[in-house]
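What follows is the content of model05.cif, which has mmCIF, C-alpha atoms:
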data_data
#
loop_
_atom_site.label_atom_id
_atom_site.label_comp_id
_atom_site.auth_asym_id
_atom_site.auth_seq_id
_atom_site.Cartn_x
_atom_site.Cartn_y
_atom_site.Cartn_z
CA MET A 1 200.03 4.84 230.52
CA ASN A 2 200.12 7.18 227.49
CA ALA A 3 198.39 10.17 225.93
CA ASP A 4 195.75 8.00 224.31
CA ASN A 5 195.11 6.10 227.54
CA PRO A 6 195.75 8.56 230.38
CA HIS A 7 194.11 6.37 233.02
CA GLY A 8 196.02 3.25 232.13
CA ILE A 9 192.86 1.28 231.29
CA GLY A 10 193.64 -2.12 229.80
CA PRO A 11 191.96 -3.56 226.68
CA ALA A 12 189.58 -5.78 228.64
CA GLU A 13 188.57 -2.94 230.95
CA SER A 14 187.98 -0.61 227.99
CA GLU A 15 185.73 -3.17 226.32
CA ALA A 16 183.86 -3.80 229.56
CA GLU A 17 183.29 -0.05 229.92
CA GLU A 18 182.04 0.08 226.31
CA LEU A 19 179.60 -2.75 226.93
CA LEU A 20 178.35 -1.22 230.15
CA ALA A 21 177.92 2.21 228.60
CA THR A 22 175.08 0.77 226.55
CA SER A 23 173.36 -0.45 229.72
CA ALA A 24 172.47 3.08 230.87
CA ALA A 25 169.07 2.67 229.24
CA TRP A 26 168.58 -0.44 231.37
CA ASP A 27 168.69 1.71 234.52
CA LEU A 28 171.25 -0.44 236.32
CA SER A 29 172.10 0.71 239.81
CA PRO A 30 175.73 1.73 240.32
CA SER A 31 176.25 -1.48 242.33
CA ARG A 32 174.94 -3.63 239.51
CA HIS A 33 177.14 -1.78 236.99
CA LEU A 34 180.21 -2.61 239.04
CA HIS A 35 179.28 -6.26 239.43
CA HIS A 36 178.67 -6.71 235.71
CA LYS A 37 181.90 -4.91 234.84
CA GLU A 38 183.78 -7.45 236.96
CA VAL A 39 182.04 -10.41 235.33
CA LEU A 40 182.38 -8.97 231.83
CA MET A 41 186.10 -8.37 232.28
CA HIS A 42 186.59 -11.97 233.40
CA GLN A 43 184.59 -13.12 230.39
CA ILE A 44 186.44 -10.88 227.91
CA ASP A 45 189.82 -12.00 229.24
CA GLN A 46 188.73 -15.63 228.96
CA ASP A 47 187.53 -15.14 225.39
CA ARG A 48 190.79 -13.43 224.42
CA VAL A 49 192.75 -16.42 225.70
CA SER A 50 190.64 -18.52 223.35
CA ASP A 51 191.41 -16.07 220.53
CA THR A 52 195.12 -16.83 220.82
CA ARG A 53 194.35 -20.50 220.22
CA THR A 54 191.81 -20.18 217.40
CA SER A 55 192.00 -17.30 214.96
CA THR A 56 188.25 -17.44 214.26
CA ALA A 57 187.17 -17.08 217.89
CA GLN A 58 185.39 -13.83 218.81
CA PRO A 59 184.42 -12.48 222.24
CA ARG A 60 180.78 -13.13 223.05
CA ARG A 61 179.15 -9.73 223.49
CA ARG A 62 176.47 -10.41 226.08
CA LEU A 63 174.63 -7.85 228.15
CA LEU A 64 173.89 -9.58 231.41
CA ARG A 65 170.58 -9.20 233.16
CA PRO A 66 170.85 -7.35 236.49
CA ALA A 67 171.12 -10.57 238.47
CA MET A 68 170.02 -10.73 242.09
CA VAL A 69 173.46 -10.40 243.57
CA LEU A 70 175.14 -8.68 246.43
CA PRO A 71 175.16 -4.88 245.95
CA VAL A 72 178.72 -3.47 245.96
CA ALA A 73 180.38 -0.07 245.99
CA ALA A 74 179.18 2.45 243.43
CA ALA A 75 182.37 3.64 241.80
CA LEU A 76 181.94 2.76 238.12
CA THR A 77 179.52 5.55 237.21
CA GLY A 78 180.81 8.04 239.76
CA VAL A 79 177.42 8.07 241.50
CA LEU A 80 177.11 6.83 245.06
CA VAL A 81 173.87 5.19 246.09
CA VAL A 82 174.46 6.14 249.71
CA THR A 83 174.82 9.90 249.52
CA ALA A 84 173.59 12.53 251.94
CA SER A 85 172.26 15.26 249.69
CA GLY A 86 171.81 18.94 250.41
CA ASN A 87 169.05 19.13 247.80
CA ASP A 88 165.69 19.38 249.55
CA ASN A 89 164.01 17.44 246.76
CA ALA A 90 166.56 14.65 247.05
CA SER A 91 166.70 14.45 250.82
CA THR A 92 163.02 14.56 251.65
CA PRO A 93 160.48 11.85 250.73
CA ARG A 94 158.06 13.17 248.16
CA ARG A 95 154.54 13.37 249.57
CA ALA A 96 151.50 13.26 247.33
CA ASP A 97 148.90 15.95 247.96
CA SER A 98 146.02 13.83 246.74
CA ALA A 99 145.04 10.27 245.89
CA ALA A 100 145.27 11.12 242.20
CA GLU A 101 148.81 12.44 242.54
CA SER A 102 149.98 9.43 244.49
CA ALA A 103 148.75 6.98 241.86
CA LYS A 104 148.66 4.52 244.74
CA ASP A 105 146.97 1.19 244.16
CA ASP A 106 144.84 0.47 247.25
CA SER A 107 145.18 -3.26 246.68
CA ALA A 108 148.97 -2.86 246.64
CA SER A 109 148.82 -1.08 250.00
CA ALA A 110 146.71 -3.87 251.48
CA THR A 111 148.99 -6.53 250.01
CA LEU A 112 152.13 -4.84 251.32
CA ASP A 113 150.51 -4.58 254.74
CA ARG A 114 150.00 -8.35 254.69
CA ILE A 115 153.57 -8.97 253.45
CA ALA A 116 154.94 -6.72 256.22
CA ALA A 117 152.92 -8.55 258.88
CA ALA A 118 154.12 -11.94 257.59
CA ALA A 119 157.75 -10.75 257.60
CA MET A 120 157.40 -9.54 261.19
CA SER A 121 156.15 -12.96 262.33
CA ARG A 122 159.09 -14.95 260.94
CA ASP A 123 161.68 -16.47 263.24
CA VAL A 124 165.09 -15.34 261.96
CA LYS A 125 168.33 -16.28 263.65
CA PRO A 126 170.84 -13.37 263.70
CA VAL A 127 173.83 -13.70 261.37
CA LYS A 128 177.28 -13.30 262.95
CA ASP A 129 179.80 -10.90 261.46
CA SER A 130 182.17 -13.83 260.87
CA GLN A 131 179.61 -15.73 258.76
CA LEU A 132 178.32 -15.39 255.20
CA VAL A 133 174.78 -15.25 253.86
CA TYR A 134 174.21 -17.86 251.15
CA ALA A 135 171.54 -17.43 248.46
CA GLU A 136 170.81 -19.88 245.66
CA SER A 137 168.56 -18.97 242.76
CA LEU A 138 167.42 -20.26 239.40
CA THR A 139 168.01 -17.67 236.70
CA ARG A 140 167.25 -17.00 233.06
CA GLU A 141 169.11 -14.06 231.53
CA ASN A 142 169.16 -12.23 228.23
CA THR A 143 171.73 -13.84 225.94
CA GLY A 144 170.96 -11.66 222.92
CA THR A 145 173.54 -9.44 221.28
CA LEU A 146 173.88 -5.78 222.17
CA GLY A 147 171.15 -3.80 220.45
CA GLY A 148 169.53 -6.96 219.14
CA PRO A 149 166.39 -8.81 220.15
CA VAL A 150 166.05 -10.24 223.64
CA ARG A 151 166.70 -13.96 223.85
CA LEU A 152 166.22 -15.59 227.23
CA GLY A 153 168.93 -18.14 227.87
CA ALA A 154 168.65 -21.48 229.61
CA LEU A 155 167.60 -21.79 233.22
CA HIS A 156 170.72 -22.15 235.37
CA LYS A 157 171.75 -22.00 239.01
CA THR A 158 173.32 -18.92 240.60
CA GLU A 159 174.88 -18.99 244.08
CA VAL A 160 176.00 -15.92 246.02
CA TRP A 161 177.98 -15.75 249.28
CA THR A 162 177.67 -12.36 251.01
CA VAL A 163 180.42 -11.26 253.39
CA GLN A 164 179.20 -9.91 256.73
CA GLY A 165 181.00 -7.59 259.15
CA SER A 166 181.22 -3.81 259.12
CA GLY A 167 184.25 -3.62 256.85
CA PRO A 168 186.14 -2.05 255.32
CA THR A 169 186.51 -4.71 252.63
CA THR A 170 187.14 -4.85 248.90
CA THR A 171 185.70 -8.36 248.54
CA THR A 172 182.02 -8.19 249.40
CA GLY A 173 181.15 -11.69 248.29
CA TRP A 174 181.46 -14.44 245.71
CA MET A 175 179.23 -15.71 242.91
CA ARG A 176 179.10 -19.07 241.15
CA GLU A 177 176.90 -20.09 238.23
CA THR A 178 176.37 -23.60 236.88
CA GLY A 179 174.48 -24.89 233.89
CA LYS A 180 173.98 -23.89 230.26
CA ASP A 181 174.32 -20.13 229.59
CA ALA A 182 176.00 -19.58 232.97
CA VAL A 183 178.86 -17.06 233.14
CA MET A 184 182.12 -18.92 233.75
CA PRO A 185 180.32 -22.15 234.77
CA GLY A 186 181.42 -23.72 238.02
CA GLN A 187 183.92 -20.98 238.91
CA ARG A 188 183.53 -19.01 242.13
CA ILE A 189 184.01 -15.38 241.10
CA PRO A 190 184.88 -12.74 243.73
CA ILE A 191 182.69 -9.65 243.83
CA VAL A 192 185.20 -6.88 244.40
CA THR A 193 185.24 -3.11 244.75
CA PRO A 194 187.99 -0.71 243.63
CA THR A 195 188.07 0.88 247.08
CA PRO A 196 187.19 -0.58 250.50
CA VAL A 197 183.55 -0.30 251.55
CA HIS A 198 181.84 -0.43 254.92
CA ALA A 199 178.50 -2.02 255.71
CA GLY A 200 175.63 0.01 254.31
CA LEU A 201 173.32 0.17 251.28
CA ASP A 202 176.22 -0.76 249.01
CA HIS A 203 177.21 -3.63 251.29
CA PRO A 204 174.15 -4.66 253.33
CA THR A 205 174.93 -6.95 256.26
CA TYR A 206 172.64 -8.37 258.92
CA THR A 207 174.26 -6.24 261.62
CA TRP A 208 173.85 -3.07 259.58
CA LEU A 209 170.24 -3.89 258.72
CA ALA A 210 169.54 -4.41 262.42
CA THR A 211 170.65 -0.83 263.12
CA LEU A 212 168.06 0.72 260.80
CA PRO A 213 164.96 2.38 262.28
CA THR A 214 161.98 0.04 262.48
CA ASP A 215 159.48 2.87 262.50
CA PRO A 216 158.36 3.01 258.84
CA GLU A 217 158.27 6.80 258.61
CA ALA A 218 161.69 7.18 260.24
CA LEU A 219 163.14 4.51 257.93
CA ARG A 220 161.53 6.18 254.92
CA THR A 221 163.08 9.52 255.83
CA LEU A 222 166.50 7.92 256.30
CA LEU A 223 166.40 6.00 252.99
CA TYR A 224 165.39 9.06 251.02
CA ALA A 225 168.04 11.19 252.74
CA GLN A 226 170.76 8.66 251.89
CA THR A 227 169.67 7.85 248.35
CA LYS A 228 170.70 9.75 245.26
CA PRO A 229 168.69 8.96 242.11
CA TRP A 230 170.37 6.73 239.51
CA GLY A 231 170.69 8.66 236.27
CA SER A 232 167.31 9.91 235.07
CA LEU A 233 165.29 7.79 237.48
CA SER A 234 163.14 9.46 240.10
CA GLN A 235 164.13 9.18 243.73
CA ASP A 236 160.97 7.16 244.40
CA GLU A 237 162.05 4.58 241.82
CA THR A 238 165.61 4.50 243.12
CA VAL A 239 164.42 3.75 246.66
CA PHE A 240 162.08 1.08 245.28
CA ARG A 241 164.98 -0.60 243.48
CA ASN A 242 167.30 -0.30 246.46
CA VAL A 243 164.77 -2.26 248.51
CA GLY A 244 164.44 -4.77 245.67
CA ASP A 245 168.22 -5.32 245.69
CA LEU A 246 167.95 -6.44 249.31
CA LEU A 247 165.15 -8.96 248.93
CA GLY A 248 166.97 -11.86 247.35
CA SER A 249 170.54 -11.36 248.53
CA THR A 250 170.22 -10.84 252.27
CA ILE A 251 168.78 -12.22 255.46
CA MET A 252 167.01 -9.42 257.32
CA PRO A 253 165.86 -8.95 260.91
CA PRO A 254 162.05 -9.40 260.90
CA ALA A 255 161.37 -5.87 262.17
CA THR A 256 163.62 -4.37 259.48
CA ALA A 257 162.00 -6.39 256.70
CA SER A 258 158.53 -5.41 257.90
CA ALA A 259 159.46 -1.71 258.04
CA LEU A 260 160.97 -1.83 254.52
CA TYR A 261 157.73 -3.21 253.08
CA LYS A 262 155.83 -0.42 254.81
CA VAL A 263 158.24 2.08 253.25
CA VAL A 264 157.48 0.61 249.82
CA GLU A 265 153.77 0.94 250.61
CA ARG A 266 154.33 4.70 250.91
CA ILE A 267 156.06 5.04 247.52
CA PRO A 268 153.70 6.55 244.93
CA GLY A 269 152.90 4.42 241.89
CA VAL A 270 153.42 0.96 243.42
CA THR A 271 150.88 -1.55 242.09
CA VAL A 272 149.97 -5.20 242.64
CA ILE A 273 149.80 -7.98 240.04
CA PRO A 274 147.32 -10.68 241.18
CA ASP A 275 149.15 -13.55 239.47
CA THR A 276 152.70 -13.88 238.18
CA VAL A 277 155.27 -16.68 237.89
CA ASP A 278 158.89 -17.01 239.00
CA ALA A 279 161.70 -18.88 237.21
CA ALA A 280 160.82 -22.11 239.02
CA GLY A 281 157.24 -21.97 237.75
CA ARG A 282 155.77 -20.98 241.11
CA HIS A 283 152.76 -18.68 240.93
CA GLY A 284 152.64 -15.71 243.27
CA ILE A 285 151.52 -12.14 243.85
CA GLY A 286 153.55 -9.43 242.14
CA ILE A 287 154.57 -6.00 243.41
CA THR A 288 155.85 -3.57 240.78
CA ARG A 289 156.36 0.06 239.91
CA LYS A 290 156.77 1.71 236.50
CA ASP A 291 158.77 4.91 236.56
CA PRO A 292 158.02 7.32 233.68
CA ALA A 293 161.74 7.98 233.15
CA SER A 294 162.72 4.30 233.14
CA ALA A 295 163.05 1.94 230.18
CA THR A 296 162.73 -1.09 232.47
CA ARG A 297 160.40 -2.39 235.14
CA ASP A 298 161.08 -4.82 238.00
CA GLU A 299 158.47 -7.10 239.51
CA TRP A 300 158.82 -8.79 242.92
CA ILE A 301 157.01 -12.10 243.46
CA PHE A 302 155.60 -13.36 246.78
CA ASN A 303 154.05 -16.69 247.77
CA LYS A 304 150.27 -16.30 247.76
CA ASN A 305 149.87 -18.18 251.04
CA THR A 306 152.97 -17.49 253.16
CA LEU A 307 153.79 -14.15 251.47
CA ALA A 308 157.49 -15.12 251.49
CA TYR A 309 159.63 -13.61 248.73
CA LEU A 310 159.97 -16.01 245.77
CA GLY A 311 161.89 -14.15 243.08
CA SER A 312 161.61 -11.45 240.43
CA ARG A 313 160.91 -10.66 236.81
CA SER A 314 162.51 -7.81 234.81
CA TYR A 315 161.00 -6.18 231.75
CA MET A 316 162.11 -3.72 229.11
CA THR A 317 159.32 -1.23 228.57
CA ALA A 318 160.92 0.99 225.92
CA GLY A 319 164.08 1.37 223.93
CA LYS A 320 165.65 1.03 220.49
CA ARG A 321 166.56 -2.64 220.74
CA THR A 322 165.17 -4.78 217.94
CA GLY A 323 162.02 -6.62 218.96
CA VAL A 324 161.51 -4.70 222.20
CA THR A 325 157.87 -3.88 222.80
CA ALA A 326 155.98 -2.89 225.92
CA ASP A 327 156.91 -5.28 228.73
CA THR A 328 159.47 -7.48 226.97
CA LEU A 329 160.72 -9.98 229.57
CA TYR A 330 164.53 -9.94 229.71
CA GLY A 331 165.25 -11.70 233.00
CA ILE A 332 163.61 -13.91 235.58
CA ASP A 333 164.80 -15.68 238.74
CA ALA A 334 163.61 -17.70 241.70
CA ILE A 335 165.17 -17.92 245.16
CA MET A 336 165.50 -21.60 246.02
CA GLU A 337 167.66 -21.60 249.15
CA ARG A 338 168.88 -19.07 251.66
CA GLY A 339 170.99 -19.69 254.72
CA VAL A 340 174.12 -18.98 256.71
CA VAL A 341 177.55 -20.59 256.21
CA ASP A 342 181.02 -20.13 257.67
CA LYS A 343 183.13 -19.80 254.52
CA PRO A 344 182.73 -19.17 250.79
CA GLY A 345 181.96 -22.30 248.80
CA GLU A 346 179.99 -23.90 251.62
CA VAL A 347 176.26 -24.46 251.24
CA PRO A 348 173.64 -24.94 253.96
CA ALA A 349 172.69 -28.54 254.72
CA SER A 350 169.27 -27.91 253.19
CA ALA A 351 170.89 -27.02 249.85
CA GLU A 352 173.14 -30.07 249.60
CA GLY A 353 172.41 -32.69 247.02
#
So that I can check it, write out the structure of this file as structure tokens.
Amino acid sequence: MNADNPHGIGPAESEAEELLATSAAWDLSPSRHLHHKEVLMHQIDQDRVSDTRTSTAQPRRRLLRPAMVLPVAAALTGVLVVTASGNDNASTPRRADSAAESAKDDSASATLDRIAAAAMSRDVKPVKDSQLVYAESLTRENTGTLGGPVRLGALHKTEVWTVQGSGPTTTTGWMRETGKDAVMPGQRIPIVTPTPVHAGLDHPTYTWLATLPTDPEALRTLLYAQTKPWGSLSQDETVFRNVGDLLGSTIMPPATASALYKVVERIPGVTVIPDTVDAAGRHGIGITRKDPASATRDEWIFNKNTLAYLGSRSYMTAGKRTGVTADTLYGIDAIMERGVVDKPGEVPASAEG
């Protein structure tokens, strides 16, 4: 520790912070910032080892897509997602005074009603605190350079193991990627937090989700009261993205899932896309929302028949990156397997082979 580095930040951590500072325009949630810092630091350290062996080697400067991974504690940006706010505007759901103000798409409301009903009818076995939730997805991420044009990398597999239990814990899960353009292929990377976290929005577990109100209006009030906007995003958009973070990485009690979709139905500006495609090539119905203050837009994809969640697409909608125009696709994924296992590294029987 010295005058130039009062916090004792190492070279890899400084570079990771520099890379992540540019991601503010991508509207990453605090949890996603922390995850990508961890992965970037591993990657930078690995590249620097290579540099000692070959003088021409240079660290690959990749800005990772916000992958569908386990949300973790929000310490990197100093903004907590789960924050009780004394600000009336931040703690109370915004209500539109008219149909014009709400910008609500009636077809989106009807679609979300159907998705909520389908979620309520599913038979879900509770997850024990001693177990882990396993999620396997196919993913394509931006492999372009910082500030340069978006280049979608190769389709590869991403696996996430989510720790259950109420905490506190500093290891909230593990991630492993395999295939071309994967980060640290084949290695199981711990998802860690600088300070212990308990179950909650930053560490959603089945038990915690089961404690949430199942009355949509009560759940809506709670989510808005415990959600602080990320950066310049509106609170409506932050709640929308918090729900989106849960869809691919967790197993939810049916009543909780149904209530969450009904909460989304009440968020102004949510619209439906009649036909969209996930990373596996499966066509589905899209649910999206474009926030005026955001440079990106997320799109959730649901099976047209069963209305089960399939995956997501992420778009840049503005920015100074070369080649970025309205709705430039910078990431896409598809959930292929989801289940419960007893230890990290295990996969459900249905995912074997």
Report as a Markdown table the residues of segment 207-295 of chain A within 12 Å of segment 140-146 of chain A, each with its shortest atom pair and distance in Å (one decimal), using all atoms listed in the file, ordered by chain and increasing residue number.
| residue | atom | partner | partner_atom | distance |
| --- | --- | --- | --- | --- |
| A:Asp278 | CA | A:Arg140 | CA | 10.3 |
| A:Ala279 | CA | A:Arg140 | CA | 7.2 |
| A:Ala280 | CA | A:Arg140 | CA | 10.1 |
Please identify all polymer residues lying at most 6 Å from the point (175.3, -15.6, 245.1) (file coordinates), using only C-alpha atoms, and present the result as a list in words.
-> Val69, Ala135, Thr158, Glu159, Val160, Trp161 and Met175 of chain A
Expanded to explicit residues, what is the PyMOL selection byres ((chain A and resi 234) around 12) for this file, as a PDB file with C-alpha atoms, keeping the file's coordinate frame?
ATOM      1  CA  ASP A  27     168.690   1.710 234.520  1.00  0.00           C
ATOM      2  CA  ASN A  89     164.010  17.440 246.760  1.00  0.00           C
ATOM      3  CA  ALA A  90     166.560  14.650 247.050  1.00  0.00           C
ATOM      4  CA  PRO A  93     160.480  11.850 250.730  1.00  0.00           C
ATOM      5  CA  ARG A  94     158.060  13.170 248.160  1.00  0.00           C
ATOM      6  CA  TYR A 224     165.390   9.060 251.020  1.00  0.00           C
ATOM      7  CA  THR A 227     169.670   7.850 248.350  1.00  0.00           C
ATOM      8  CA  LYS A 228     170.700   9.750 245.260  1.00  0.00           C
ATOM      9  CA  PRO A 229     168.690   8.960 242.110  1.00  0.00           C
ATOM     10  CA  TRP A 230     170.370   6.730 239.510  1.00  0.00           C
ATOM     11  CA  GLY A 231     170.690   8.660 236.270  1.00  0.00           C
ATOM     12  CA  SER A 232     167.310   9.910 235.070  1.00  0.00           C
ATOM     13  CA  LEU A 233     165.290   7.790 237.480  1.00  0.00           C
ATOM     14  CA  GLN A 235     164.130   9.180 243.730  1.00  0.00           C
ATOM     15  CA  ASP A 236     160.970   7.160 244.400  1.00  0.00           C
ATOM     16  CA  GLU A 237     162.050   4.580 241.820  1.00  0.00           C
ATOM     17  CA  THR A 238     165.610   4.500 243.120  1.00  0.00           C
ATOM     18  CA  VAL A 239     164.420   3.750 246.660  1.00  0.00           C
ATOM     19  CA  PHE A 240     162.080   1.080 245.280  1.00  0.00           C
ATOM     20  CA  ARG A 241     164.980  -0.600 243.480  1.00  0.00           C
ATOM     21  CA  ILE A 267     156.060   5.040 247.520  1.00  0.00           C
ATOM     22  CA  PRO A 268     153.700   6.550 244.930  1.00  0.00           C
ATOM     23  CA  GLY A 269     152.900   4.420 241.890  1.00  0.00           C
ATOM     24  CA  ARG A 289     156.360   0.060 239.910  1.00  0.00           C
ATOM     25  CA  LYS A 290     156.770   1.710 236.500  1.00  0.00           C
ATOM     26  CA  ASP A 291     158.770   4.910 236.560  1.00  0.00           C
ATOM     27  CA  PRO A 292     158.020   7.320 233.680  1.00  0.00           C
ATOM     28  CA  ALA A 293     161.740   7.980 233.150  1.00  0.00           C
ATOM     29  CA  SER A 294     162.720   4.300 233.140  1.00  0.00           C
TER      30      SER A 294
END
So how far away is atom CA of Thr256 of chain A from atom CA of Val340 of chain A, in Å?
-> 18.2 Å
Option closest in space to Asn305 of chain A, from A:Ala118, A:Pro168, A:Asp129, A:Pro344 [counting only C-alpha atoms] | A:Ala118
Figure out the distance between atom CA of Leu201 of chain A and atom CA of Asn242 of chain A, please, to one decimal in Å.
->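 Separating atom CA of Asn242 of chain A from atom CA of Leu201 of chain A is a distance of 7.7 Å.
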Exercise: Thr296 of chain A partners within 8 Å, all atoms listed in the file, chain neighbours under 2 positions left out, as a list in words = Trp26, Asp27, Lys290, Ser294, Asp298, Ser314, Tyr315, Met316, Thr317 and Ala318 of chain A
Within 10 Å of Arg220 of chain A, counting all atoms listed in the file, which residues qualify if same-chain residues fewer than 4 places away don't, as a PyMOL selection string?
-> chain A and resi 92-93+213-216+224-225+239+259-260+262-264+266-267
